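Notes to accompany the following structure.
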Amino acid sequence: MSYAYLFKYIIIGDTGVGKSCLLLQFTDKRFQPVHDLTIGVEFGARMITIDNKPIKLQIWDTAGQESFRSITRSYYRGAAGALLVYDITRRETFNHLASWLEDARQHANANMTVMLIGNKCDLAHRRAVSTEEGEQFAKENGLVFMEASAKTAQNVEEAFINTAGTIYKKIQDGVFDVSNEACSYGIKVGYGGNAGPSGGRDGVPAQGGACCS
Amino acid sequence: MKKMDLVSGYKGVVGLVFGNEDSNSNEDSYVERLLDCIKNGKLPEDRRNAMAELQSVVAESHSAQLAFGTMGFPILFGVLKERDDVEMVRGAVETLLSALTPITHTKSHKNEVQPAMLNADLLSRDEQNIALLLNLLEAILTIPRGITQLVDMLMDREVIRNEALLLLTYLTREAEEIQKILVFEGAFEKIFSIINEEGGSDGGVVVQDCLELLNNLIRTNASNQVLLRETIGFDSIISILKLRGSTYSFSQQKTINLLCVLETIRLLINGGSEADPAKQIDKSTNKTVLAQRKVLDHLLMLGVESQWASAAVRCAAFRCIGELVFGHRQNLETLASKFLGDELQLEPALNSILRIILRTSSVQEFIAADYVFKSFCEENTDGQKMLASTLIPQPLSMTHAPFEEDVNMSFGSMLLHGLALSEHDGDLETSCRAASVLSYVLKDNIQCKEKVLQIEIESPMPSLGTPEPLLHRMVKYLALAFSKKGKDGKSTQSYVQPIILKLLITWLSDCPNAVHSFLASRPHLTYLIELISNSDTTVCVRGLAAVLLGECVIFNKSVESGKDAFSIVDAISQKIGLTSYFQRIEEMQKSFVFSSAKPIQSHKPLTKTNDKSMSDVEDNEDDVASDHKNEDHPILAEIFDTQFVNFIKNLEVSIRDGIVNIYSHPKSNVSVIPAELEQRKDEADVDYIKRLKSFLEKQCSEIQDLLNRNSILAEDLANTGGGDSSQTEPRPSGGSERVQIEKLKRDLLEASQRVDMLKNENSKLENEVSSYKTLSAKIENDLKSLSDAYNSLEQANYHLENEVKALKNGGSTVGLDIEAIKAEAKEEAQKESEAELGDLLVCLGQEQSKVEKLSARLMELGEDVDALLEGIGDDMGAPEDDDDEDEDN
């Protein structure tokens, strides 16, 4: 149960792009071809290791349907990382990325790490969005990008772990003031293992106004 | 100015509303004016006032509700769509609520249309309206970071923190999404941090508030339970259970705090959602993790070892222990191997719990501790065997040793001791509690049932009798419990008989040997039948006794006459009546104990500490006991859990099937035609006939038996048809009387059939006689014509003689010739008539013999032949005489 850090993730994106399947593959290492529609949010957790430090990932898998947007938005601000998922076989899910990103920018804290995932890359024969287009969108919006498959597990581990790595690096770089617990960036310092450099006051970013009191 | 106007108008209307009902039109126009102002008003102030007044008038008046319904909805939803003026939105929602709330103070209009209902109907007709309201609700719920800020307030100054706690507790009672958001915002960590600060279970009411919020978050929320387990762990919860230091007295608040945290444990054990089978895994994982964190030790400490915990806490701890081990192999083993006490006097935890069951003065505690054994034994064959292995016949000195010496006793010794203990003081309470535990040990476990069947208990005074089987002793207690009850003169609510019956039913189920042992003593059956028919016992006891008797049918493998299934069925139908028998079972199923909603304990938040709540906690038992609305002890509803109720239901079906089966396939010695019905090769006819005869006799008696049964069944059927419950009292002699009557009827039928047959024969004979009569009449006619012919012949002869004389006198020459001719003619005529007469005589002789034969036969048949023949004789006399004369001639 002991961890050096705890990171909160959210998974967002259109309905049916495979958010719940990505989570299931990551936490349970299995694939479920038919998955119930997610209602509201669901929760999953897993321990990973980065830089020899145990890191707990708390992952909230949100419902993609428009009608749940108002509920799922409540989860943006408290998250350290977000997996923004689209389906490479359905063009419209890619087209909607901009509005998802805007939602995230509006409701999340500015330091949230967003990873863009083009899911279902095992279905290459039905591809509707090219890898280059994905890369292009990520580059324009400052996101990390990879294509993955919840079915074959390709890049699933990497997606979650790379995101954690990026967050971890931000902590190392002093982007977050992790010593101040009242300030929620979706990061918690644990007791197990060395928490690493405790970001000093001087590490508080310019947008510190988001800090609640 | 406008506002003033409206107010005065309104007041006038209100006056009218309560005065008379003719003001409807006034009211209509007033509501219309208000709505118009809301829709078209220029100043926000005016619109708000109009809204406030509309709300109050709609809340108070029927006709205003009606008027609002006809025109108000579009306007108010317009306001909701705008959403620019919060005050207006609130007013609109409140007005809508008022329009949908029935006005209760007009009681006289029961049959009148409820405008509120009409309005609700109108509102729901347009889907857009509902969607709009839902949107509004969502908007309220997700005011950006509203919940986040509330959760953050948990870390604020104490005053704010405490208020935030209450508010959050209120918000999380139902809404799953809010529960999740709270957890996402780190509510768990904050809750545990406050509890820690406040001193855990020793803390004040804030700890209780925290625990209630915690319970809200996990009650029906599997997702939150997983999060708690996976990221925070259960240690923080278990540490609240821990009794710290040497606090030997429990404050009232501490008791309540402990009850709250025990509820938390229970919620975790039960998993987030009952229905979803996928969550079974979560449930089991929760149990595993809780046990790993040593929750059992703390629960046992609270339930068994701590002398300071209140009864309510001990009971809750027992419930948790039960649920923790239920269906969980590992935890079952942990409990079975757990020892309590200090090093000098270590004792298995299960023994300690059994001692509590046998000794506690609190019925609630008995039930709670009993639940541990129930959970331990359920689908735990090995555990049952382990417990049963210590059940060995006890030397008398042990069985009757004083209770205080039981520390070194084995589980079995203690249980047997408990079973037999009551004999001394005549109080069957202890025996009945031990019986309850024993029933769990035996449940669904044939090996344990067989083993315990072997146990004999020595009679209390060895000189007075030989040891008797434990099973028989239990039946004895059953009878004893009833006679004790009778002595009191009133039917006390008791659970003693039902619990003993439950043990016996559990024992006999699927266990022919137990049935055999039960029936081995003839009075058992008689007693059971008496119990079923006894109207002084409770519905429950009668029903259970009926089920027990039913088991004697369906699990009966005996072939011994009088103890086999057929005899039991006969006894049921003759002494109770099948209808009344099944009625007993049905009545029980319908009774409170069986039909009441089963355990799903509703969530009742504990009240804040004050004198009253404490007495609530302590006096829970009295509440339960005084809350009886029926003749059965309220405890029974707990003892007869869902499983037992279902078990009884299934048994009832089997019993019905079993009994029908027995009636449709009766025990039969002869009904199947044996192969040897054919005559054997070297069998003499006489022997064969004898054999057939005895076969027929057997069949006959069996038919008699079947008729007996049939008539009893018919009687039952007739009673059922009557539908009158007073008619269904068993009439023990009815059956046999009926049979007697049936027999007489049959005799009568047989006799009348014989009479008919004789009548037939008689008429046949009469026919014959009449045909003979006509025959003889014909013959008579023949005779007559014959004699006529003869007479005419004679006459002719005479004429001829005269002629001859005249001729003689006339001429002698011809005289010779005439003489000769005369002689010749005479000779000829004589010859002719002689031949004819001979024929006639032959014919007559034949007829005579025929008549003789018939007469003999008639005489044989009892007919008066002479009388019959009288007439005939007269008629026939004359020609006969003629004949005679002729002969003489």
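Please note that chains go A, B, ... in the order of the structure tokens, that every chain numbers its residues from 1, and that ligands are numbered from 1 in the order shown.
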Check: Using only C-alpha atoms, which residues sit within 10 Å of Thr72 (chain A) once same-chain residues fewer than 5 positions away are excluded, as a list in words?
Finding: Ile10, Ile11, Ile12, Ile39, Gly40, Val41, Trp60, Asp61, Thr62, Ala63, Gly64, Gln65, Glu66 and Ser67 of chain A; Thr142, Glu177 and Ile181 of chain B
Any idea which chain A residues end up within 12 Å of chain B if we count only C-alpha atoms, as a PyMOL selection string please? chain A and resi 1-3+5-10+27+39-47+55-63+67-79+106-109+181-188+190-191+210-213
| Which residues, written as a VMD selection string, have at least one atom at most 10 Å from Ile585 (chain B), with only C-alpha atoms counted and residues fewer than 3 positions away on the same chain left out? | chain B and resid 532 539 to 547 550 580 to 582 588 to 591 648 to 649 652
Output N, CA and C atoms for every residue in that selection, as a PDB file, in the first residue's frame.
```
ATOM      1  N   ILE B 532     -50.245 -30.952  15.715  1.00  0.00           N
ATOM      2  CA  ILE B 532     -50.735 -30.310  14.488  1.00  0.00           C
ATOM      3  C   ILE B 532     -52.196 -29.915  14.650  1.00  0.00           C
ATOM      4  N   VAL B 539     -49.693 -20.860  15.134  1.00  0.00           N
ATOM      5  CA  VAL B 539     -49.738 -21.224  13.716  1.00  0.00           C
ATOM      6  C   VAL B 539     -48.397 -21.805  13.282  1.00  0.00           C
ATOM      7  N   CYS B 540     -47.368 -21.160  13.800  1.00  0.00           N
ATOM      8  CA  CYS B 540     -46.015 -21.547  13.437  1.00  0.00           C
ATOM      9  C   CYS B 540     -45.689 -22.961  13.905  1.00  0.00           C
ATOM     10  N   VAL B 541     -46.014 -23.246  15.156  1.00  0.00           N
ATOM     11  CA  VAL B 541     -45.727 -24.573  15.701  1.00  0.00           C
ATOM     12  C   VAL B 541     -46.519 -25.636  14.953  1.00  0.00           C
ATOM     13  N   ARG B 542     -47.793 -25.358  14.706  1.00  0.00           N
ATOM     14  CA  ARG B 542     -48.608 -26.342  13.984  1.00  0.00           C
ATOM     15  C   ARG B 542     -48.034 -26.604  12.597  1.00  0.00           C
ATOM     16  N   GLY B 543     -47.645 -25.516  11.937  1.00  0.00           N
ATOM     17  CA  GLY B 543     -47.109 -25.648  10.586  1.00  0.00           C
ATOM     18  C   GLY B 543     -45.814 -26.433  10.570  1.00  0.00           C
ATOM     19  N   LEU B 544     -44.915 -26.109  11.498  1.00  0.00           N
ATOM     20  CA  LEU B 544     -43.635 -26.811  11.546  1.00  0.00           C
ATOM     21  C   LEU B 544     -43.838 -28.279  11.870  1.00  0.00           C
ATOM     22  N   ALA B 545     -44.768 -28.539  12.789  1.00  0.00           N
ATOM     23  CA  ALA B 545     -45.052 -29.933  13.137  1.00  0.00           C
ATOM     24  C   ALA B 545     -45.572 -30.665  11.903  1.00  0.00           C
ATOM     25  N   ALA B 546     -46.390 -29.981  11.110  1.00  0.00           N
ATOM     26  CA  ALA B 546     -46.919 -30.598   9.898  1.00  0.00           C
ATOM     27  C   ALA B 546     -45.792 -30.896   8.908  1.00  0.00           C
ATOM     28  N   VAL B 547     -44.844 -29.968   8.810  1.00  0.00           N
ATOM     29  CA  VAL B 547     -43.713 -30.196   7.908  1.00  0.00           C
ATOM     30  C   VAL B 547     -42.886 -31.387   8.390  1.00  0.00           C
ATOM     31  N   GLY B 550     -44.559 -34.411   7.491  1.00  0.00           N
ATOM     32  CA  GLY B 550     -44.383 -34.608   6.048  1.00  0.00           C
ATOM     33  C   GLY B 550     -43.046 -35.249   5.733  1.00  0.00           C
ATOM     34  N   SER B 580     -56.812 -30.137   5.925  1.00  0.00           N
ATOM     35  CA  SER B 580     -56.410 -29.398   7.128  1.00  0.00           C
ATOM     36  C   SER B 580     -54.912 -29.514   7.317  1.00  0.00           C
ATOM     37  N   TYR B 581     -54.384 -30.657   6.934  1.00  0.00           N
ATOM     38  CA  TYR B 581     -52.943 -30.838   7.080  1.00  0.00           C
ATOM     39  C   TYR B 581     -52.177 -29.802   6.261  1.00  0.00           C
ATOM     40  N   PHE B 582     -52.534 -29.701   4.998  1.00  0.00           N
ATOM     41  CA  PHE B 582     -51.818 -28.742   4.154  1.00  0.00           C
ATOM     42  C   PHE B 582     -52.152 -27.303   4.541  1.00  0.00           C
ATOM     43  N   MET B 588     -48.931 -21.285   8.093  1.00  0.00           N
ATOM     44  CA  MET B 588     -47.623 -20.885   8.610  1.00  0.00           C
ATOM     45  C   MET B 588     -46.889 -20.019   7.588  1.00  0.00           C
ATOM     46  N   GLN B 589     -46.950 -20.423   6.316  1.00  0.00           N
ATOM     47  CA  GLN B 589     -46.247 -19.660   5.279  1.00  0.00           C
ATOM     48  C   GLN B 589     -46.771 -18.236   5.210  1.00  0.00           C
ATOM     49  N   LYS B 590     -48.058 -18.099   5.506  1.00  0.00           N
ATOM     50  CA  LYS B 590     -48.647 -16.772   5.413  1.00  0.00           C
ATOM     51  C   LYS B 590     -48.386 -15.949   6.664  1.00  0.00           C
ATOM     52  N   SER B 591     -47.957 -16.618   7.714  1.00  0.00           N
ATOM     53  CA  SER B 591     -47.825 -15.915   8.982  1.00  0.00           C
ATOM     54  C   SER B 591     -46.711 -14.877   8.917  1.00  0.00           C
ATOM     55  N   ILE B 648     -38.290 -24.582   3.738  1.00  0.00           N
ATOM     56  CA  ILE B 648     -39.628 -25.059   4.075  1.00  0.00           C
ATOM     57  C   ILE B 648     -40.518 -25.045   2.841  1.00  0.00           C
ATOM     58  N   LYS B 649     -40.376 -24.005   2.032  1.00  0.00           N
ATOM     59  CA  LYS B 649     -41.194 -23.920   0.821  1.00  0.00           C
ATOM     60  C   LYS B 649     -40.932 -25.117  -0.084  1.00  0.00           C
ATOM     61  N   GLU B 652     -42.361 -28.232   1.314  1.00  0.00           N
ATOM     62  CA  GLU B 652     -43.815 -28.325   1.151  1.00  0.00           C
ATOM     63  C   GLU B 652     -44.142 -28.928  -0.205  1.00  0.00           C
TER      64      GLU B 652
END
```
Just the residues within 8 Å of region 475-482 of chain B, please, counting only C-alpha atoms, with nothing from its chain fewer than 5 positions along; format it as a list in words.
Leu428, Val496, Gln497, Ile500, Leu501, His524, Tyr527 and Thr537 of chain B
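Counting only C-alpha atoms, Ser99 (chain A) has the following residues at most 12 Å away, ignoring those fewer than 4 positions along the same chain: Ile12, Gly13, Asp14, Glu66, Arg69, Leu84, Glu92, Thr93, Phe94, Asn95, Asp103, Ala104, Arg105 and Gln106 of chain A.
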Can you write just those residues out, C-alpha atoms, as a PDB file, in the first residue's frame?
```pdb
ATOM      1  CA  ILE A  12     -11.749  11.176 -21.660  1.00  0.00           C
ATOM      2  CA  GLY A  13     -12.963  10.998 -25.243  1.00  0.00           C
ATOM      3  CA  ASP A  14     -16.049  10.169 -27.298  1.00  0.00           C
ATOM      4  CA  GLU A  66     -22.647  13.942 -23.995  1.00  0.00           C
ATOM      5  CA  ARG A  69     -20.446  15.684 -19.521  1.00  0.00           C
ATOM      6  CA  LEU A  84      -7.547  11.758 -24.360  1.00  0.00           C
ATOM      7  CA  GLU A  92     -15.663  11.845 -36.029  1.00  0.00           C
ATOM      8  CA  THR A  93     -14.040  10.833 -32.772  1.00  0.00           C
ATOM      9  CA  PHE A  94     -10.863  12.484 -34.027  1.00  0.00           C
ATOM     10  CA  ASN A  95     -12.753  15.558 -35.158  1.00  0.00           C
ATOM     11  CA  ASP A 103     -13.180  21.311 -22.050  1.00  0.00           C
ATOM     12  CA  ALA A 104     -10.058  20.041 -20.367  1.00  0.00           C
ATOM     13  CA  ARG A 105      -8.254  23.362 -20.627  1.00  0.00           C
ATOM     14  CA  GLN A 106     -11.276  25.107 -19.187  1.00  0.00           C
TER      15      GLN A 106
END
```
Neighbour list for region 119-133 of chain A as a list in words, cut-off 9 Å, only C-alpha atoms, skip fewer than 2 positions in-chain: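 Once the nearby chain positions are removed, what remains is Val17, Gly18, Lys19, Leu22, Val85, Tyr86, Asp87, Ile88, Thr89, Arg90, Arg91, Phe94, Ile117, Glu135, Gln136, Phe137, Ala138, Met146, Glu147, Ala148, Ser149, Ala150, Lys151, Thr152 and Gln154 of chain A.
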Would you mind listing what lies within 10 Å of Ser389 (chain B) as a ChimeraX atom specification, with only C-alpha atoms counted and same-chain residues fewer than 3 positions away left out? /B:383-386,392,410-412,448,451-452
Extract the full set of helix (DSSP H, G or I) residues from region 38-214 of chain B according to DSSP on the backbone, and format it as a PDB file with C-alpha atoms, in the first residue's frame.
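Contents of selection_13.pdb, as written:
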```pdb
ATOM      1  CA  ILE B  38     -44.114  37.116 -15.100  1.00  0.00           C
ATOM      2  CA  LYS B  39     -43.983  36.786 -18.838  1.00  0.00           C
ATOM      3  CA  ASN B  40     -44.171  40.370 -19.925  1.00  0.00           C
ATOM      4  CA  PRO B  44     -37.303  42.320 -12.643  1.00  0.00           C
ATOM      5  CA  GLU B  45     -38.731  43.392  -9.296  1.00  0.00           C
ATOM      6  CA  ASP B  46     -42.320  43.081 -10.536  1.00  0.00           C
ATOM      7  CA  ARG B  47     -41.702  39.723 -12.112  1.00  0.00           C
ATOM      8  CA  ARG B  48     -40.167  38.366  -8.915  1.00  0.00           C
ATOM      9  CA  ASN B  49     -43.082  39.571  -6.817  1.00  0.00           C
ATOM     10  CA  ALA B  50     -45.571  38.084  -9.211  1.00  0.00           C
ATOM     11  CA  MET B  51     -43.719  34.786  -9.067  1.00  0.00           C
ATOM     12  CA  ALA B  52     -43.726  34.791  -5.254  1.00  0.00           C
ATOM     13  CA  GLU B  53     -47.437  35.434  -5.162  1.00  0.00           C
ATOM     14  CA  LEU B  54     -48.208  32.884  -7.815  1.00  0.00           C
ATOM     15  CA  GLN B  55     -46.321  30.344  -5.754  1.00  0.00           C
ATOM     16  CA  SER B  56     -48.310  31.074  -2.613  1.00  0.00           C
ATOM     17  CA  VAL B  57     -51.693  31.115  -4.285  1.00  0.00           C
ATOM     18  CA  VAL B  58     -50.995  27.887  -6.137  1.00  0.00           C
ATOM     19  CA  ALA B  59     -49.843  26.309  -2.894  1.00  0.00           C
ATOM     20  CA  GLU B  60     -53.107  27.114  -1.171  1.00  0.00           C
ATOM     21  CA  HIS B  62     -57.402  24.077  -5.649  1.00  0.00           C
ATOM     22  CA  SER B  63     -58.794  26.312  -8.297  1.00  0.00           C
ATOM     23  CA  ALA B  64     -55.550  28.246  -8.596  1.00  0.00           C
ATOM     24  CA  GLN B  65     -53.780  24.939  -9.200  1.00  0.00           C
ATOM     25  CA  LEU B  66     -56.290  24.156 -11.899  1.00  0.00           C
ATOM     26  CA  ALA B  67     -55.954  27.582 -13.415  1.00  0.00           C
ATOM     27  CA  PHE B  68     -52.176  27.325 -13.332  1.00  0.00           C
ATOM     28  CA  GLY B  69     -52.313  23.954 -15.051  1.00  0.00           C
ATOM     29  CA  THR B  70     -54.253  25.330 -17.996  1.00  0.00           C
ATOM     30  CA  MET B  71     -51.868  28.155 -18.794  1.00  0.00           C
ATOM     31  CA  GLY B  72     -48.855  28.259 -16.502  1.00  0.00           C
ATOM     32  CA  PHE B  73     -46.413  25.597 -17.678  1.00  0.00           C
ATOM     33  CA  PRO B  74     -45.124  27.226 -20.890  1.00  0.00           C
ATOM     34  CA  ILE B  75     -44.475  30.482 -19.112  1.00  0.00           C
ATOM     35  CA  LEU B  76     -42.594  28.957 -16.187  1.00  0.00           C
ATOM     36  CA  PHE B  77     -40.508  26.732 -18.420  1.00  0.00           C
ATOM     37  CA  GLY B  78     -39.676  29.844 -20.355  1.00  0.00           C
ATOM     38  CA  VAL B  79     -38.260  31.275 -17.151  1.00  0.00           C
ATOM     39  CA  LEU B  80     -36.281  28.087 -16.521  1.00  0.00           C
ATOM     40  CA  LYS B  81     -34.823  28.225 -20.010  1.00  0.00           C
ATOM     41  CA  GLU B  82     -33.616  31.782 -19.563  1.00  0.00           C
ATOM     42  CA  VAL B  86     -31.453  32.964 -10.181  1.00  0.00           C
ATOM     43  CA  GLU B  87     -34.243  34.352  -8.031  1.00  0.00           C
ATOM     44  CA  MET B  88     -36.756  33.802 -10.810  1.00  0.00           C
ATOM     45  CA  VAL B  89     -35.507  30.277 -11.489  1.00  0.00           C
ATOM     46  CA  ARG B  90     -35.891  29.424  -7.829  1.00  0.00           C
ATOM     47  CA  GLY B  91     -39.382  30.921  -7.769  1.00  0.00           C
ATOM     48  CA  ALA B  92     -40.364  29.000 -10.873  1.00  0.00           C
ATOM     49  CA  VAL B  93     -39.178  25.708  -9.430  1.00  0.00           C
ATOM     50  CA  GLU B  94     -40.994  26.387  -6.189  1.00  0.00           C
ATOM     51  CA  THR B  95     -44.181  27.279  -8.029  1.00  0.00           C
ATOM     52  CA  LEU B  96     -43.960  24.114 -10.094  1.00  0.00           C
ATOM     53  CA  LEU B  97     -43.530  22.136  -6.907  1.00  0.00           C
ATOM     54  CA  SER B  98     -46.586  23.800  -5.385  1.00  0.00           C
ATOM     55  CA  ALA B  99     -48.620  23.103  -8.480  1.00  0.00           C
ATOM     56  CA  LEU B 100     -47.750  19.429  -8.213  1.00  0.00           C
ATOM     57  CA  PRO B 115     -55.599  19.380  -9.755  1.00  0.00           C
ATOM     58  CA  ALA B 116     -52.103  18.453  -8.599  1.00  0.00           C
ATOM     59  CA  MET B 117     -52.395  15.077 -10.273  1.00  0.00           C
ATOM     60  CA  LEU B 118     -53.724  16.677 -13.401  1.00  0.00           C
ATOM     61  CA  ASN B 119     -50.824  19.081 -13.421  1.00  0.00           C
ATOM     62  CA  ALA B 120     -48.312  16.296 -12.948  1.00  0.00           C
ATOM     63  CA  ASP B 121     -49.884  14.585 -15.901  1.00  0.00           C
ATOM     64  CA  LEU B 122     -49.700  17.742 -17.999  1.00  0.00           C
ATOM     65  CA  LEU B 123     -46.096  18.313 -17.039  1.00  0.00           C
ATOM     66  CA  SER B 124     -44.948  14.805 -17.876  1.00  0.00           C
ATOM     67  CA  ARG B 125     -46.676  14.843 -21.260  1.00  0.00           C
ATOM     68  CA  GLU B 127     -40.604  15.287 -22.682  1.00  0.00           C
ATOM     69  CA  GLN B 128     -38.838  18.567 -23.098  1.00  0.00           C
ATOM     70  CA  ASN B 129     -40.120  19.736 -19.736  1.00  0.00           C
ATOM     71  CA  ILE B 130     -38.551  16.786 -17.963  1.00  0.00           C
ATOM     72  CA  ALA B 131     -35.289  17.217 -19.825  1.00  0.00           C
ATOM     73  CA  LEU B 132     -35.254  20.865 -18.838  1.00  0.00           C
ATOM     74  CA  LEU B 133     -35.757  20.025 -15.174  1.00  0.00           C
ATOM     75  CA  LEU B 134     -33.031  17.391 -15.302  1.00  0.00           C
ATOM     76  CA  ASN B 135     -30.655  19.866 -16.870  1.00  0.00           C
ATOM     77  CA  LEU B 136     -31.431  22.256 -14.094  1.00  0.00           C
ATOM     78  CA  LEU B 137     -30.729  19.592 -11.515  1.00  0.00           C
ATOM     79  CA  GLU B 138     -27.426  18.808 -13.125  1.00  0.00           C
ATOM     80  CA  ALA B 139     -26.528  22.460 -13.242  1.00  0.00           C
ATOM     81  CA  ILE B 140     -27.173  22.721  -9.548  1.00  0.00           C
ATOM     82  CA  LEU B 141     -25.150  19.598  -8.795  1.00  0.00           C
ATOM     83  CA  GLY B 146     -18.836  23.286  -5.509  1.00  0.00           C
ATOM     84  CA  ILE B 147     -18.306  19.854  -4.053  1.00  0.00           C
ATOM     85  CA  THR B 148     -14.566  20.261  -4.216  1.00  0.00           C
ATOM     86  CA  GLN B 149     -14.798  23.329  -2.097  1.00  0.00           C
ATOM     87  CA  LEU B 150     -17.076  21.601   0.365  1.00  0.00           C
ATOM     88  CA  VAL B 151     -14.607  18.748   0.704  1.00  0.00           C
ATOM     89  CA  ASP B 152     -11.803  21.244   1.180  1.00  0.00           C
ATOM     90  CA  MET B 153     -13.799  22.770   3.990  1.00  0.00           C
ATOM     91  CA  GLU B 158     -13.456  23.355  13.314  1.00  0.00           C
ATOM     92  CA  VAL B 159     -16.792  25.162  13.085  1.00  0.00           C
ATOM     93  CA  ILE B 160     -16.790  25.181   9.313  1.00  0.00           C
ATOM     94  CA  ARG B 161     -15.426  21.638   9.167  1.00  0.00           C
ATOM     95  CA  ASN B 162     -18.249  20.295  11.330  1.00  0.00           C
ATOM     96  CA  GLU B 163     -20.906  22.040   9.273  1.00  0.00           C
ATOM     97  CA  ALA B 164     -19.334  20.840   6.040  1.00  0.00           C
ATOM     98  CA  LEU B 165     -19.392  17.294   7.404  1.00  0.00           C
ATOM     99  CA  LEU B 166     -23.120  17.482   8.054  1.00  0.00           C
ATOM    100  CA  LEU B 167     -23.827  19.032   4.677  1.00  0.00           C
ATOM    101  CA  LEU B 168     -21.758  16.431   2.840  1.00  0.00           C
ATOM    102  CA  THR B 169     -23.429  13.633   4.797  1.00  0.00           C
ATOM    103  CA  TYR B 170     -26.764  14.988   3.685  1.00  0.00           C
ATOM    104  CA  LEU B 171     -25.660  15.294   0.046  1.00  0.00           C
ATOM    105  CA  GLU B 176     -23.941   7.914  -6.344  1.00  0.00           C
ATOM    106  CA  GLU B 177     -22.236  10.463  -8.560  1.00  0.00           C
ATOM    107  CA  ILE B 178     -21.803  12.908  -5.704  1.00  0.00           C
ATOM    108  CA  GLN B 179     -20.385  10.071  -3.601  1.00  0.00           C
ATOM    109  CA  LYS B 180     -17.815   9.417  -6.310  1.00  0.00           C
ATOM    110  CA  ILE B 181     -16.881  13.051  -6.748  1.00  0.00           C
ATOM    111  CA  LEU B 182     -16.330  13.344  -3.000  1.00  0.00           C
ATOM    112  CA  VAL B 183     -14.014  10.390  -3.044  1.00  0.00           C
ATOM    113  CA  PHE B 184     -12.200  11.756  -6.068  1.00  0.00           C
ATOM    114  CA  ALA B 187     -12.809  12.692   1.140  1.00  0.00           C
ATOM    115  CA  PHE B 188     -11.570   9.382   2.545  1.00  0.00           C
ATOM    116  CA  GLU B 189      -8.213  10.751   3.553  1.00  0.00           C
ATOM    117  CA  LYS B 190      -9.798  13.777   5.131  1.00  0.00           C
ATOM    118  CA  ILE B 191     -12.345  11.734   7.032  1.00  0.00           C
ATOM    119  CA  PHE B 192      -9.697   9.469   8.508  1.00  0.00           C
ATOM    120  CA  SER B 193      -7.513  12.393   9.356  1.00  0.00           C
ATOM    121  CA  ILE B 194     -10.351  14.035  11.304  1.00  0.00           C
ATOM    122  CA  ILE B 195     -11.179  10.788  13.082  1.00  0.00           C
ATOM    123  CA  ASN B 196      -7.539  10.466  14.073  1.00  0.00           C
ATOM    124  CA  GLU B 197      -7.396  14.008  15.342  1.00  0.00           C
ATOM    125  CA  GLU B 198     -10.524  13.485  17.377  1.00  0.00           C
ATOM    126  CA  GLY B 200     -10.778   7.524  17.175  1.00  0.00           C
ATOM    127  CA  SER B 201     -13.644   5.739  18.826  1.00  0.00           C
ATOM    128  CA  ASP B 202     -12.992   7.686  22.017  1.00  0.00           C
ATOM    129  CA  VAL B 205     -19.884  13.296  18.026  1.00  0.00           C
ATOM    130  CA  VAL B 206     -17.663  14.553  15.189  1.00  0.00           C
ATOM    131  CA  VAL B 207     -16.229  11.043  14.903  1.00  0.00           C
ATOM    132  CA  GLN B 208     -19.759   9.752  14.570  1.00  0.00           C
ATOM    133  CA  ASP B 209     -20.446  12.342  11.847  1.00  0.00           C
ATOM    134  CA  CYS B 210     -17.291  11.313  10.008  1.00  0.00           C
ATOM    135  CA  LEU B 211     -18.230   7.655  10.183  1.00  0.00           C
ATOM    136  CA  GLU B 212     -21.718   8.346   8.922  1.00  0.00           C
ATOM    137  CA  LEU B 213     -20.307  10.241   5.955  1.00  0.00           C
ATOM    138  CA  LEU B 214     -17.876   7.387   5.367  1.00  0.00           C
TER     139      LEU B 214
END
```
For this session: Could you please write out, as a PyMOL selection string, every residue of region 2-202 of chain A that DSSP assigns to strand (DSSP E or B)?
Result: chain A and resi 5-12+41-50+53-62+81-87+113-119+144-147+187-189
Next on the checklist: One decimal, in Å: what's the spacing between CA of Val437 (chain B) and CA of Leu354 (chain B)?
Outcome noted: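 About the pair CA of Val437 (chain B) and CA of Leu354 (chain B): they are 8.1 Å apart.
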Note to self: As an exercise, work out the distance from CA of Leu765 (chain B) to CA of Leu854 (chain B) in Å and give it to one decimal place.
What the structure shows: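 Pair CA of Leu765 (chain B) / CA of Leu854 (chain B) returns 9.8 Å.
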